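**Student:** Take a look at work-v7.txt, compact mmCIF, C-alpha atoms:
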```
# COMPACT_ATOMS: atom_id res chain seq x y z
CA MET B 1 44.51 16.09 12.63
CA ARG B 2 48.08 14.74 12.35
CA PHE B 3 46.82 11.28 13.27
CA PHE B 4 44.72 11.13 10.07
CA ARG B 5 47.23 12.89 7.79
CA ASN B 6 48.69 9.62 6.47
CA ALA B 7 45.59 7.49 7.08
CA ASP B 8 45.44 4.24 5.17
CA PHE B 9 42.31 2.46 6.40
CA ASP B 10 40.62 -0.17 4.25
CA PHE B 11 37.08 1.14 4.68
CA LEU B 12 35.57 -0.77 1.76
CA SER B 13 36.58 -4.13 3.24
CA MET B 14 34.23 -3.32 6.15
CA ARG B 15 31.26 -2.46 3.96
CA LYS B 16 29.33 -5.69 4.61
CA ARG B 17 29.54 -5.16 8.37
CA ALA B 18 28.49 -1.54 7.84
CA TYR B 19 25.47 -2.72 5.83
CA MET B 20 24.50 -4.98 8.74
CA VAL B 21 24.79 -2.08 11.21
CA SER B 22 22.69 0.16 8.96
CA GLY B 23 20.10 -2.57 8.48
CA ALA B 24 19.85 -3.12 12.23
CA LEU B 25 19.42 0.62 12.91
CA ILE B 26 16.74 0.94 10.22
CA LEU B 27 14.93 -2.14 11.57
CA VAL B 28 14.94 -0.75 15.14
CA GLY B 29 13.53 2.53 13.83
CA VAL B 30 10.80 0.83 11.82
CA ILE B 31 9.78 -1.31 14.82
CA SER B 32 9.64 1.81 17.00
CA LEU B 33 7.45 3.62 14.46
CA VAL B 34 5.10 0.64 14.26
CA LEU B 35 4.84 0.33 18.06
CA HIS B 36 4.23 4.07 18.46
CA GLY B 37 1.71 4.14 15.61
CA GLY B 38 3.87 6.49 13.53
CA PRO B 39 5.73 9.71 14.42
CA ARG B 40 4.51 11.83 17.34
CA TYR B 41 3.42 15.09 15.72
CA GLY B 42 3.30 18.36 17.62
CA VAL B 43 0.72 21.13 17.60
CA ASP B 44 2.17 22.55 14.38
CA PHE B 45 1.04 19.43 12.49
CA THR B 46 -1.94 18.09 14.42
CA GLY B 47 -3.65 21.35 15.32
CA GLY B 48 -4.25 22.73 18.79
CA THR B 49 -4.18 25.91 20.87
CA LEU B 50 -1.42 28.49 21.22
CA ILE B 51 -1.54 30.63 24.36
CA GLN B 52 0.79 33.61 24.73
CA VAL B 53 1.15 34.87 28.31
CA GLU B 54 3.11 37.82 29.71
CA PHE B 55 3.52 38.00 33.51
CA ALA B 56 3.95 41.08 35.64
CA GLN B 57 6.31 39.30 38.04
CA GLU B 58 9.35 37.14 37.32
CA THR B 59 8.40 33.59 36.35
CA SER B 60 10.34 30.57 35.09
CA VAL B 61 9.49 27.77 32.65
CA GLY B 62 9.83 25.23 35.47
CA GLU B 63 7.33 27.08 37.68
CA LEU B 64 4.84 27.41 34.85
CA ARG B 65 5.26 23.75 33.89
CA SER B 66 4.60 22.58 37.47
CA ILE B 67 1.36 24.62 37.54
CA LEU B 68 0.14 23.08 34.28
CA SER B 69 1.30 19.55 35.20
CA ALA B 70 -0.70 19.69 38.42
CA ALA B 71 -3.81 20.13 36.25
CA GLY B 72 -2.93 17.16 34.03
CA MET B 73 -1.31 19.17 31.19
CA GLU B 74 2.11 17.46 31.26
CA ASN B 75 2.36 17.37 27.44
CA ALA B 76 1.99 21.13 27.00
CA GLN B 77 5.01 22.80 25.35
CA ILE B 78 6.28 25.94 27.06
CA GLN B 79 8.64 28.35 25.34
CA GLN B 80 10.15 31.47 26.93
CA PHE B 81 10.98 34.50 24.80
CA GLY B 82 14.56 35.37 25.70
CA GLY B 83 14.97 36.43 29.32
CA SER B 84 11.58 38.15 29.47
CA ASN B 85 8.48 37.10 31.39
CA GLU B 86 6.66 36.29 28.15
CA PHE B 87 5.84 32.64 27.39
CA LEU B 88 4.20 30.63 24.62
CA ILE B 89 2.15 27.57 25.66
CA ARG B 90 1.32 24.97 22.98
CA THR B 91 -1.25 22.24 23.61
CA GLN B 92 -3.16 19.87 21.35
CA ASP B 93 -6.42 20.50 23.22
CA PHE B 94 -9.15 22.78 21.92
CA GLU B 95 -12.32 22.86 24.01
CA GLY B 96 -12.14 24.64 27.36
CA ILE B 97 -8.34 24.78 27.43
CA VAL B 98 -8.13 28.58 27.39
CA GLU B 99 -10.55 28.90 30.32
CA GLU B 100 -8.71 26.16 32.25
CA VAL B 101 -5.28 27.77 31.80
CA SER B 102 -6.68 31.21 32.59
CA GLY B 103 -8.24 29.88 35.82
CA LEU B 104 -4.97 28.23 36.91
CA LEU B 105 -2.97 31.39 36.28
CA HIS B 106 -5.56 33.53 38.10
CA GLU B 107 -5.22 31.33 41.19
CA THR B 108 -1.42 31.62 41.20
CA TYR B 109 -0.69 35.14 39.89
CA GLY B 110 -3.92 37.03 40.46
CA ILE B 111 -6.25 38.74 38.00
CA ASP B 112 -3.81 41.57 37.19
CA GLY B 113 -0.69 39.36 37.32
CA PHE B 114 -0.64 38.53 33.61
CA THR B 115 -2.03 39.28 30.16
CA MET B 116 -3.01 36.50 27.78
CA SER B 117 -3.76 36.12 24.07
CA THR B 118 -4.77 32.91 22.27
CA ASP B 119 -4.78 31.44 18.78
CA ALA B 120 -6.01 28.11 17.38
CA VAL B 121 -4.27 25.96 14.74
CA GLY B 122 -6.87 23.86 12.94
CA PRO B 123 -6.32 20.26 11.80
CA LYS B 124 -6.49 21.38 8.16
CA VAL B 125 -3.57 23.78 8.70
CA GLY B 126 -1.64 20.99 10.44
CA SER B 127 -2.19 18.51 7.59
CA GLU B 128 -1.16 21.18 5.10
CA LEU B 129 2.09 21.71 7.02
CA GLN B 130 2.70 17.93 6.98
CA ARG B 131 2.25 17.86 3.23
CA LYS B 132 4.57 20.83 2.69
CA ALA B 133 7.24 19.39 4.99
CA GLY B 134 7.23 16.11 3.05
CA LEU B 135 7.27 18.02 -0.24
CA ALA B 136 10.28 20.06 0.92
CA ILE B 137 12.24 16.86 1.64
CA LEU B 138 11.28 15.28 -1.71
CA MET B 139 12.19 18.46 -3.61
CA SER B 140 15.59 18.54 -1.93
CA PHE B 141 16.18 14.93 -3.09
CA ALA B 142 15.18 15.77 -6.68
CA LEU B 143 17.27 18.95 -6.88
CA THR B 144 20.26 17.14 -5.39
CA LEU B 145 20.01 14.38 -7.97
CA ILE B 146 19.85 16.95 -10.79
CA TYR B 147 22.83 18.88 -9.39
CA LEU B 148 24.97 15.75 -8.94
CA ALA B 149 24.05 14.48 -12.40
CA PHE B 150 25.48 17.67 -13.93
CA ARG B 151 28.40 18.03 -11.51
CA PHE B 152 29.50 14.38 -11.55
CA GLU B 153 27.92 11.34 -13.23
CA TRP B 154 24.51 9.75 -12.72
CA ARG B 155 26.01 6.97 -10.55
CA PHE B 156 27.39 9.53 -8.10
CA GLY B 157 23.94 11.09 -7.83
CA VAL B 158 22.22 7.75 -7.20
CA ALA B 159 24.78 6.80 -4.53
CA ALA B 160 24.37 10.17 -2.79
CA ILE B 161 20.56 9.91 -2.79
CA ILE B 162 20.69 6.35 -1.36
CA ALA B 163 23.05 7.50 1.40
CA THR B 164 20.88 10.52 2.19
CA PHE B 165 17.70 8.41 2.27
CA HIS B 166 19.57 6.06 4.64
CA ASP B 167 20.41 8.99 6.95
CA ILE B 168 16.89 10.43 7.00
CA THR B 169 15.34 7.00 7.63
CA ILE B 170 17.61 6.29 10.60
CA ALA B 171 17.14 9.82 11.97
CA ILE B 172 13.33 9.48 11.86
CA GLY B 173 13.66 6.07 13.52
CA PHE B 174 15.68 7.58 16.37
CA ILE B 175 13.16 10.43 16.69
CA SER B 176 10.45 7.81 17.22
CA LEU B 177 12.65 5.70 19.51
CA LEU B 178 13.42 8.69 21.76
CA ASN B 179 9.77 9.84 21.56
CA ILE B 180 10.75 13.27 20.24
CA GLU B 181 7.80 15.33 19.08
CA ILE B 182 7.90 16.38 15.42
CA THR B 183 7.51 20.14 15.17
CA LEU B 184 8.60 22.69 12.58
CA ALA B 185 11.95 22.87 14.40
CA THR B 186 12.35 19.09 14.03
CA VAL B 187 11.63 19.32 10.30
CA ALA B 188 14.24 22.10 10.07
CA ALA B 189 16.71 19.78 11.83
CA ILE B 190 15.95 16.95 9.37
CA LEU B 191 16.52 19.27 6.40
CA THR B 192 19.78 20.44 8.01
CA ILE B 193 20.87 16.80 8.37
CA LEU B 194 20.06 16.26 4.71
CA GLY B 195 22.21 19.22 3.69
CA TYR B 196 25.10 18.26 5.95
CA SER B 197 25.09 14.63 4.83
CA LEU B 198 25.08 15.62 1.17
CA ASN B 199 27.86 18.14 1.69
CA ASP B 200 30.05 15.54 3.37
CA THR B 201 29.31 12.99 0.64
CA ILE B 202 30.04 15.48 -2.16
CA VAL B 203 33.45 16.30 -0.64
CA VAL B 204 34.41 12.60 -0.78
CA PHE B 205 32.93 12.18 -4.27
CA ASP B 206 34.82 15.23 -5.53
CA ARG B 207 38.11 13.68 -4.40
CA ILE B 208 37.13 10.35 -6.01
CA ARG B 209 36.46 12.14 -9.30
CA GLU B 210 39.85 13.89 -9.16
CA ASN B 211 41.67 10.64 -8.43
CA LEU B 212 39.84 8.80 -11.21
CA LYS B 213 41.37 11.27 -13.69
CA LYS B 214 44.86 11.05 -12.18
CA ARG B 215 45.03 7.29 -11.59
CA ARG B 216 43.32 5.73 -14.58
CA LYS B 217 45.25 2.46 -14.29
CA ASP B 218 44.44 1.85 -10.60
CA LYS B 219 41.57 -0.31 -9.39
CA TYR B 220 38.29 1.51 -8.75
CA GLU B 221 38.14 0.14 -5.21
CA ASP B 222 41.65 1.39 -4.39
CA ILE B 223 40.85 4.86 -5.71
CA ILE B 224 37.71 5.11 -3.55
CA ASN B 225 39.58 3.88 -0.47
CA SER B 226 42.43 6.36 -0.86
CA SER B 227 39.96 9.20 -1.58
CA ILE B 228 38.12 8.51 1.70
CA ASN B 229 41.43 8.48 3.58
CA GLU B 230 42.54 11.74 1.97
CA THR B 231 39.34 13.53 3.03
CA LEU B 232 39.26 11.89 6.46
CA PRO B 233 41.03 14.78 8.33
CA ARG B 234 38.51 17.26 6.93
CA THR B 235 35.57 14.96 7.76
CA VAL B 236 36.69 14.37 11.37
CA LEU B 237 37.50 18.05 11.97
CA THR B 238 34.20 19.32 10.54
CA SER B 239 32.10 16.72 12.35
CA GLY B 240 33.98 17.19 15.62
CA THR B 241 33.57 20.98 15.74
CA THR B 242 29.91 20.74 14.72
CA LEU B 243 29.21 18.12 17.39
CA ALA B 244 30.97 20.21 20.06
CA THR B 245 28.67 23.15 19.28
CA LEU B 246 25.56 20.96 19.27
CA LEU B 247 26.53 19.30 22.55
CA ALA B 248 26.84 22.75 24.13
CA LEU B 249 23.34 23.59 22.82
CA PHE B 250 21.97 20.30 24.11
CA ILE B 251 23.49 20.67 27.60
CA LEU B 252 22.95 24.40 28.12
CA GLY B 253 19.89 24.96 25.93
CA GLY B 254 16.34 24.99 27.22
CA ALA B 255 13.57 22.44 26.79
CA VAL B 256 12.67 23.86 23.37
CA VAL B 257 16.24 23.80 21.98
CA ARG B 258 17.26 20.35 23.27
CA PRO B 259 15.12 18.19 20.92
CA PHE B 260 16.38 20.22 17.95
CA ALA B 261 20.01 19.83 19.09
CA LEU B 262 19.56 16.10 19.80
CA VAL B 263 18.12 15.40 16.33
CA LEU B 264 21.06 17.28 14.78
CA ILE B 265 23.59 15.36 16.88
CA ILE B 266 22.10 12.06 15.72
CA GLY B 267 22.05 13.31 12.13
CA ILE B 268 25.68 14.52 12.13
CA VAL B 269 26.93 11.18 13.49
CA ILE B 270 24.87 9.21 10.95
CA GLY B 271 25.79 11.56 8.09
CA THR B 272 29.52 11.25 8.80
CA TYR B 273 29.20 7.47 9.05
CA SER B 274 27.19 7.19 5.82
CA SER B 275 29.57 9.29 3.70
CA ILE B 276 32.29 6.71 4.47
CA PHE B 277 30.44 3.43 4.92
CA VAL B 278 27.31 3.86 2.77
CA ALA B 279 27.76 6.43 -0.02
CA SER B 280 31.23 5.31 -1.18
CA PRO B 281 30.52 1.54 -1.02
CA THR B 282 27.23 2.14 -2.86
CA LEU B 283 29.16 3.96 -5.60
CA LEU B 284 31.48 0.95 -5.87
CA GLU B 285 28.51 -1.45 -6.07
CA ILE B 286 26.89 0.62 -8.84
CA GLU B 287 30.18 0.78 -10.77
CA GLU B 288 30.77 -2.99 -10.49
CA ARG B 289 27.21 -3.79 -11.61
CA SER B 290 27.56 -1.40 -14.53
CA ARG B 291 30.79 -3.08 -15.62
CA ARG B 292 29.25 -6.54 -15.36
CA LYS B 293 26.37 -5.43 -17.60
CA GLU B 294 28.81 -3.99 -20.13
CA LYS B 295 30.73 -7.29 -20.24
CA LYS B 296 27.51 -9.25 -20.80
CA ALA B 297 26.48 -6.85 -23.58
CA ARG B 298 29.84 -7.33 -25.31
CA ARG B 299 29.52 -11.11 -25.14
```
Would you mind giving the structure from this file in structure tokens?
**Tutor:**
Amino acid sequence: MRFFRNADFDFLSMRKRAYMVSGALILVGVISLVLHGGPRYGVDFTGGTLIQVEFAQETSVGELRSILSAAGMENAQIQQFGGSNEFLIRTQDFEGIVEEVSGLLHETYGIDGFTMSTDAVGPKVGSELQRKAGLAILMSFALTLIYLAFRFEWRFGVAAIIATFHDITIAIGFISLLNIEITLATVAAILTILGYSLNDTIVVFDRIRENLKKRRKDKYEDIINSSINETLPRTVLTSGTTLATLLALFILGGAVVRPFALVLIIGIVIGTYSSIFVASPTLLEIEERSRRKEKKARR
């Protein structure tokens, strides 16, 4: 990170262009959500049938998927447990799906070639999971605001929440744009993005707070700029190593892991961008507005 050791970039001068980029990304996401009729929820949230199958002979996810696709079940999710011959099939269908899958497997593997157990997730359970997932995200926002209000000042907390809301909005837009199904794993990825984005923002804010105490005579904008530059090596190093791990998961992981890794990759990129180009400029905007109000009150 020698290249960024003596960094002196004027990030705040680019904030208007950054706002335009963020606005465009949010608009694309909103349009995608409207065209798709909202997010594409998986079995965990809409309800459906879970079929657990264990085969006597060696079988792959690809072979099982081709069997189901031939019967018009292309949207079924197939998950393999480790390197075993045990699989979990998720489908949003209810009526007759167990008999249909059982018949297909009998034709291919024989009557004694597998054992199967089934379970149904009702729509009520799915809607309850949707509610709890939304509640978890809202609670994380509230607790973050309370923590930042005690740790820093209220304006830091507001700026961090705005930046985090920005990240989650763009991430959900990309999920819709890429037609990624929202499952419990996707919700876990969104919450991970939220935590990562906040952590990155708090590191920058902590340096801003330190510099505000040391450099009381300097301009607020200059202090924020230098604070971002001082934390830039840490930001690039952390984001780079995290992205390298996630890229390995995305390339080498299976069909179940890839959507989770892809959502995290999008979130890490957006979170790193927002801590520099959204959170810090928002803090400056709040500070400038606050000072203007104070001047008016004095007059």
**Student:** Using only C-alpha atoms, which of B:Ser22, B:Thr245, B:Ser227, B:Thr272 sits nearest B:Asp10?
**Tutor:**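 Distance minimum relative to B:Asp10 lands on B:Ser227.
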**Student:** B:Leu148: which residues within 12 Å, counting only C-alpha atoms, same-chain residues fewer than 2 positions away excluded, as a ChimeraX atom specification?
**Tutor:** /B:141-146,150-161,198-199,201-203,205-206
**Student:** What does the structure give for the distance between atom CA of B:Glu100 and atom CA of B:Leu64, in Å to one decimal?
**Tutor:**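 We find that atom CA of B:Glu100 and atom CA of B:Leu64 lie 13.9 Å from each other.
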**Student:** Would you list the contacts of stretch 281-284 of chain B as JSON, numbers by chain, taking every protein, DNA or RNA residue within 8 Å and counting all atoms listed in the file, but skipping same-chain residues closer than 5 positions in sequence?
**Tutor:** {"B": [12, 15, 155, 156, 159, 162, 220, 221, 224, 276]}
**Student:** Considering all atoms listed in the file, return as a PyMOL selection string whatever protein or nucleic-acid residues lie within 8 Å of stretch 176-184 of chain B, sequence-local ones (same chain, fewer than 5 positions apart) excluded.
**Tutor:** chain B and resi 29+32-33+36+38-45+259
**Student:** My list of candidates is B:Leu104, B:Leu27, B:Arg216, B:Ala279. Which is closest to B:Met73 when distances are computed with all atoms listed in the file?
**Tutor:**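 Selected residue with least distance to B:Met73: B:Leu104.
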**Student:** Rank B:Gln130, B:Thr59, B:Ser274, B:Ser197 by their smallest atom-to-atom distance to B:Ser84, using all atoms listed in the file, and report the top residue only.
**Tutor:**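 For B:Ser84, the nearest of the candidates is B:Thr59.
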**Student:** Just how far from atom CA of B:Arg209 is atom CA of B:Ile286, in Å to one decimal?
**Tutor:**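 Separation of atom CA of B:Ile286 and atom CA of B:Arg209: 15.0 Å.
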**Student:** Between atom CA of B:Ser239 and atom CA of B:Ile270, what is the distance in Å, rounded to a tenth?
**Tutor:**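 It comes out at 10.5 Å.
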**Student:** Determine the nearest neighbour of B:Gly195 from the options B:Gly240, B:Gly134, B:Gly267, B:Pro233, counting all atoms listed in the file.
**Tutor:**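 The closest residue to B:Gly195 is B:Gly267.
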**Student:** Select, from B:Ser117, B:Asn85, B:Ser290, B:Ser69, the residue with the minimum atom-to-atom distance to B:Ile51, counting only C-alpha atoms.
**Tutor:**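 The answer is B:Ser117, which sits nearest to B:Ile51.
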**Student:** Let me know the centre plus edge lengths, in Å and rounded to one decimal, of a box with edges along x, y and z that contains all listed atoms of stretch 275-293 of chain B and is padded by 3 Å on every side, as AutoDock Vina command-line options.
**Tutor:**
```
--center_x 29.3 --center_y 1.4 --center_z -6.3 --size_x 11.9 --size_y 21.8 --size_z 28.5
```
**Student:** Which one is closest to B:Glu128: B:Ala248, B:Thr46, B:Asn211, B:Glu288? Count all atoms listed in the file.
**Tutor:**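 Counting all atoms listed in the file, the residue closest to B:Glu128 is B:Thr46.
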**Student:** Grab stretch 245-282 of chain B from that structure and dump N, CA and C atoms to a file, as a PDB file, in the first residue's frame.
**Tutor:**
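In the end it all went to out13.pdb:
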```
ATOM      1  N   THR B 245     -11.210 -13.082  -1.721  1.00  0.00           N
ATOM      2  CA  THR B 245     -11.844 -14.272  -1.134  1.00  0.00           C
ATOM      3  C   THR B 245     -13.205 -14.536  -1.764  1.00  0.00           C
ATOM      4  N   LEU B 246     -13.994 -13.476  -1.927  1.00  0.00           N
ATOM      5  CA  LEU B 246     -15.335 -13.627  -2.495  1.00  0.00           C
ATOM      6  C   LEU B 246     -15.288 -14.041  -3.964  1.00  0.00           C
ATOM      7  N   LEU B 247     -14.307 -13.542  -4.704  1.00  0.00           N
ATOM      8  CA  LEU B 247     -14.153 -13.947  -6.104  1.00  0.00           C
ATOM      9  C   LEU B 247     -13.822 -15.434  -6.200  1.00  0.00           C
ATOM     10  N   ALA B 248     -12.983 -15.921  -5.275  1.00  0.00           N
ATOM     11  CA  ALA B 248     -12.676 -17.347  -5.246  1.00  0.00           C
ATOM     12  C   ALA B 248     -13.936 -18.163  -4.966  1.00  0.00           C
ATOM     13  N   LEU B 249     -14.770 -17.676  -4.027  1.00  0.00           N
ATOM     14  CA  LEU B 249     -16.037 -18.360  -3.725  1.00  0.00           C
ATOM     15  C   LEU B 249     -16.960 -18.349  -4.933  1.00  0.00           C
ATOM     16  N   PHE B 250     -17.013 -17.205  -5.626  1.00  0.00           N
ATOM     17  CA  PHE B 250     -17.900 -17.076  -6.779  1.00  0.00           C
ATOM     18  C   PHE B 250     -17.461 -17.986  -7.932  1.00  0.00           C
ATOM     19  N   ILE B 251     -16.159 -18.068  -8.175  1.00  0.00           N
ATOM     20  CA  ILE B 251     -15.647 -18.863  -9.295  1.00  0.00           C
ATOM     21  C   ILE B 251     -15.682 -20.355  -8.984  1.00  0.00           C
ATOM     22  N   LEU B 252     -15.253 -20.721  -7.778  1.00  0.00           N
ATOM     23  CA  LEU B 252     -15.110 -22.141  -7.435  1.00  0.00           C
ATOM     24  C   LEU B 252     -16.312 -22.706  -6.691  1.00  0.00           C
ATOM     25  N   GLY B 253     -17.173 -21.834  -6.160  1.00  0.00           N
ATOM     26  CA  GLY B 253     -18.320 -22.305  -5.395  1.00  0.00           C
ATOM     27  C   GLY B 253     -19.393 -22.898  -6.289  1.00  0.00           C
ATOM     28  N   GLY B 254     -20.314 -23.587  -5.688  1.00  0.00           N
ATOM     29  CA  GLY B 254     -21.403 -24.216  -6.435  1.00  0.00           C
ATOM     30  C   GLY B 254     -22.518 -23.241  -6.733  1.00  0.00           C
ATOM     31  N   ALA B 255     -23.598 -23.769  -7.282  1.00  0.00           N
ATOM     32  CA  ALA B 255     -24.747 -22.951  -7.681  1.00  0.00           C
ATOM     33  C   ALA B 255     -25.416 -22.284  -6.488  1.00  0.00           C
ATOM     34  N   VAL B 256     -25.321 -22.908  -5.311  1.00  0.00           N
ATOM     35  CA  VAL B 256     -25.953 -22.348  -4.114  1.00  0.00           C
ATOM     36  C   VAL B 256     -25.115 -21.202  -3.548  1.00  0.00           C
ATOM     37  N   VAL B 257     -23.782 -21.335  -3.611  1.00  0.00           N
ATOM     38  CA  VAL B 257     -22.880 -20.344  -3.013  1.00  0.00           C
ATOM     39  C   VAL B 257     -22.739 -19.105  -3.890  1.00  0.00           C
ATOM     40  N   ARG B 258     -22.799 -19.273  -5.212  1.00  0.00           N
ATOM     41  CA  ARG B 258     -22.516 -18.159  -6.131  1.00  0.00           C
ATOM     42  C   ARG B 258     -23.412 -16.939  -5.939  1.00  0.00           C
ATOM     43  N   PRO B 259     -24.741 -17.078  -5.829  1.00  0.00           N
ATOM     44  CA  PRO B 259     -25.560 -15.882  -5.612  1.00  0.00           C
ATOM     45  C   PRO B 259     -25.175 -15.135  -4.334  1.00  0.00           C
ATOM     46  N   PHE B 260     -24.897 -15.894  -3.269  1.00  0.00           N
ATOM     47  CA  PHE B 260     -24.472 -15.294  -1.999  1.00  0.00           C
ATOM     48  C   PHE B 260     -23.174 -14.513  -2.180  1.00  0.00           C
ATOM     49  N   ALA B 261     -22.187 -15.127  -2.869  1.00  0.00           N
ATOM     50  CA  ALA B 261     -20.899 -14.473  -3.105  1.00  0.00           C
ATOM     51  C   ALA B 261     -21.055 -13.245  -4.003  1.00  0.00           C
ATOM     52  N   LEU B 262     -21.924 -13.351  -5.014  1.00  0.00           N
ATOM     53  CA  LEU B 262     -22.122 -12.231  -5.945  1.00  0.00           C
ATOM     54  C   LEU B 262     -22.739 -11.028  -5.239  1.00  0.00           C
ATOM     55  N   VAL B 263     -23.734 -11.270  -4.393  1.00  0.00           N
ATOM     56  CA  VAL B 263     -24.367 -10.178  -3.639  1.00  0.00           C
ATOM     57  C   VAL B 263     -23.338  -9.502  -2.738  1.00  0.00           C
ATOM     58  N   LEU B 264     -22.473 -10.305  -2.104  1.00  0.00           N
ATOM     59  CA  LEU B 264     -21.441  -9.742  -1.234  1.00  0.00           C
ATOM     60  C   LEU B 264     -20.418  -8.936  -2.026  1.00  0.00           C
ATOM     61  N   ILE B 265     -20.040  -9.423  -3.201  1.00  0.00           N
ATOM     62  CA  ILE B 265     -19.092  -8.685  -4.046  1.00  0.00           C
ATOM     63  C   ILE B 265     -19.660  -7.314  -4.398  1.00  0.00           C
ATOM     64  N   ILE B 266     -20.915  -7.292  -4.821  1.00  0.00           N
ATOM     65  CA  ILE B 266     -21.578  -6.019  -5.151  1.00  0.00           C
ATOM     66  C   ILE B 266     -21.601  -5.108  -3.928  1.00  0.00           C
ATOM     67  N   GLY B 267     -21.952  -5.694  -2.780  1.00  0.00           N
ATOM     68  CA  GLY B 267     -22.050  -4.912  -1.545  1.00  0.00           C
ATOM     69  C   GLY B 267     -20.718  -4.346  -1.080  1.00  0.00           C
ATOM     70  N   ILE B 268     -19.635  -5.123  -1.199  1.00  0.00           N
ATOM     71  CA  ILE B 268     -18.311  -4.650  -0.768  1.00  0.00           C
ATOM     72  C   ILE B 268     -17.862  -3.481  -1.640  1.00  0.00           C
ATOM     73  N   VAL B 269     -18.071  -3.599  -2.944  1.00  0.00           N
ATOM     74  CA  VAL B 269     -17.687  -2.515  -3.867  1.00  0.00           C
ATOM     75  C   VAL B 269     -18.488  -1.246  -3.550  1.00  0.00           C
ATOM     76  N   ILE B 270     -19.798  -1.400  -3.378  1.00  0.00           N
ATOM     77  CA  ILE B 270     -20.654  -0.244  -3.086  1.00  0.00           C
ATOM     78  C   ILE B 270     -20.322   0.345  -1.714  1.00  0.00           C
ATOM     79  N   GLY B 271     -20.092  -0.524  -0.723  1.00  0.00           N
ATOM     80  CA  GLY B 271     -19.780  -0.068   0.630  1.00  0.00           C
ATOM     81  C   GLY B 271     -18.483   0.721   0.691  1.00  0.00           C
ATOM     82  N   THR B 272     -17.464   0.254  -0.036  1.00  0.00           N
ATOM     83  CA  THR B 272     -16.186   0.966  -0.087  1.00  0.00           C
ATOM     84  C   THR B 272     -16.362   2.324  -0.758  1.00  0.00           C
ATOM     85  N   TYR B 273     -17.109   2.320  -1.857  1.00  0.00           N
ATOM     86  CA  TYR B 273     -17.386   3.565  -2.588  1.00  0.00           C
ATOM     87  C   TYR B 273     -18.143   4.560  -1.710  1.00  0.00           C
ATOM     88  N   SER B 274     -19.162   4.071  -0.989  1.00  0.00           N
ATOM     89  CA  SER B 274     -20.025   4.976  -0.225  1.00  0.00           C
ATOM     90  C   SER B 274     -19.320   5.579   0.982  1.00  0.00           C
ATOM     91  N   SER B 275     -18.387   4.840   1.605  1.00  0.00           N
ATOM     92  CA  SER B 275     -17.684   5.388   2.764  1.00  0.00           C
ATOM     93  C   SER B 275     -16.837   6.596   2.376  1.00  0.00           C
ATOM     94  N   ILE B 276     -16.412   6.654   1.103  1.00  0.00           N
ATOM     95  CA  ILE B 276     -15.596   7.764   0.609  1.00  0.00           C
ATOM     96  C   ILE B 276     -16.451   8.839  -0.046  1.00  0.00           C
ATOM     97  N   PHE B 277     -17.369   8.425  -0.919  1.00  0.00           N
ATOM     98  CA  PHE B 277     -18.080   9.376  -1.770  1.00  0.00           C
ATOM     99  C   PHE B 277     -19.505   9.684  -1.325  1.00  0.00           C
ATOM    100  N   VAL B 278     -20.007   8.996  -0.297  1.00  0.00           N
ATOM    101  CA  VAL B 278     -21.376   9.266   0.163  1.00  0.00           C
ATOM    102  C   VAL B 278     -21.389   9.671   1.638  1.00  0.00           C
ATOM    103  N   ALA B 279     -20.819   8.828   2.505  1.00  0.00           N
ATOM    104  CA  ALA B 279     -20.875   9.091   3.946  1.00  0.00           C
ATOM    105  C   ALA B 279     -20.150  10.375   4.328  1.00  0.00           C
ATOM    106  N   SER B 280     -18.911  10.530   3.858  1.00  0.00           N
ATOM    107  CA  SER B 280     -18.116  11.717   4.221  1.00  0.00           C
ATOM    108  C   SER B 280     -18.689  13.000   3.622  1.00  0.00           C
ATOM    109  N   PRO B 281     -19.054  13.026   2.318  1.00  0.00           N
ATOM    110  CA  PRO B 281     -19.697  14.230   1.779  1.00  0.00           C
ATOM    111  C   PRO B 281     -21.019  14.563   2.469  1.00  0.00           C
ATOM    112  N   THR B 282     -21.778  13.521   2.863  1.00  0.00           N
ATOM    113  CA  THR B 282     -23.044  13.763   3.572  1.00  0.00           C
ATOM    114  C   THR B 282     -22.775  14.422   4.916  1.00  0.00           C
TER     115      THR B 282
END
```
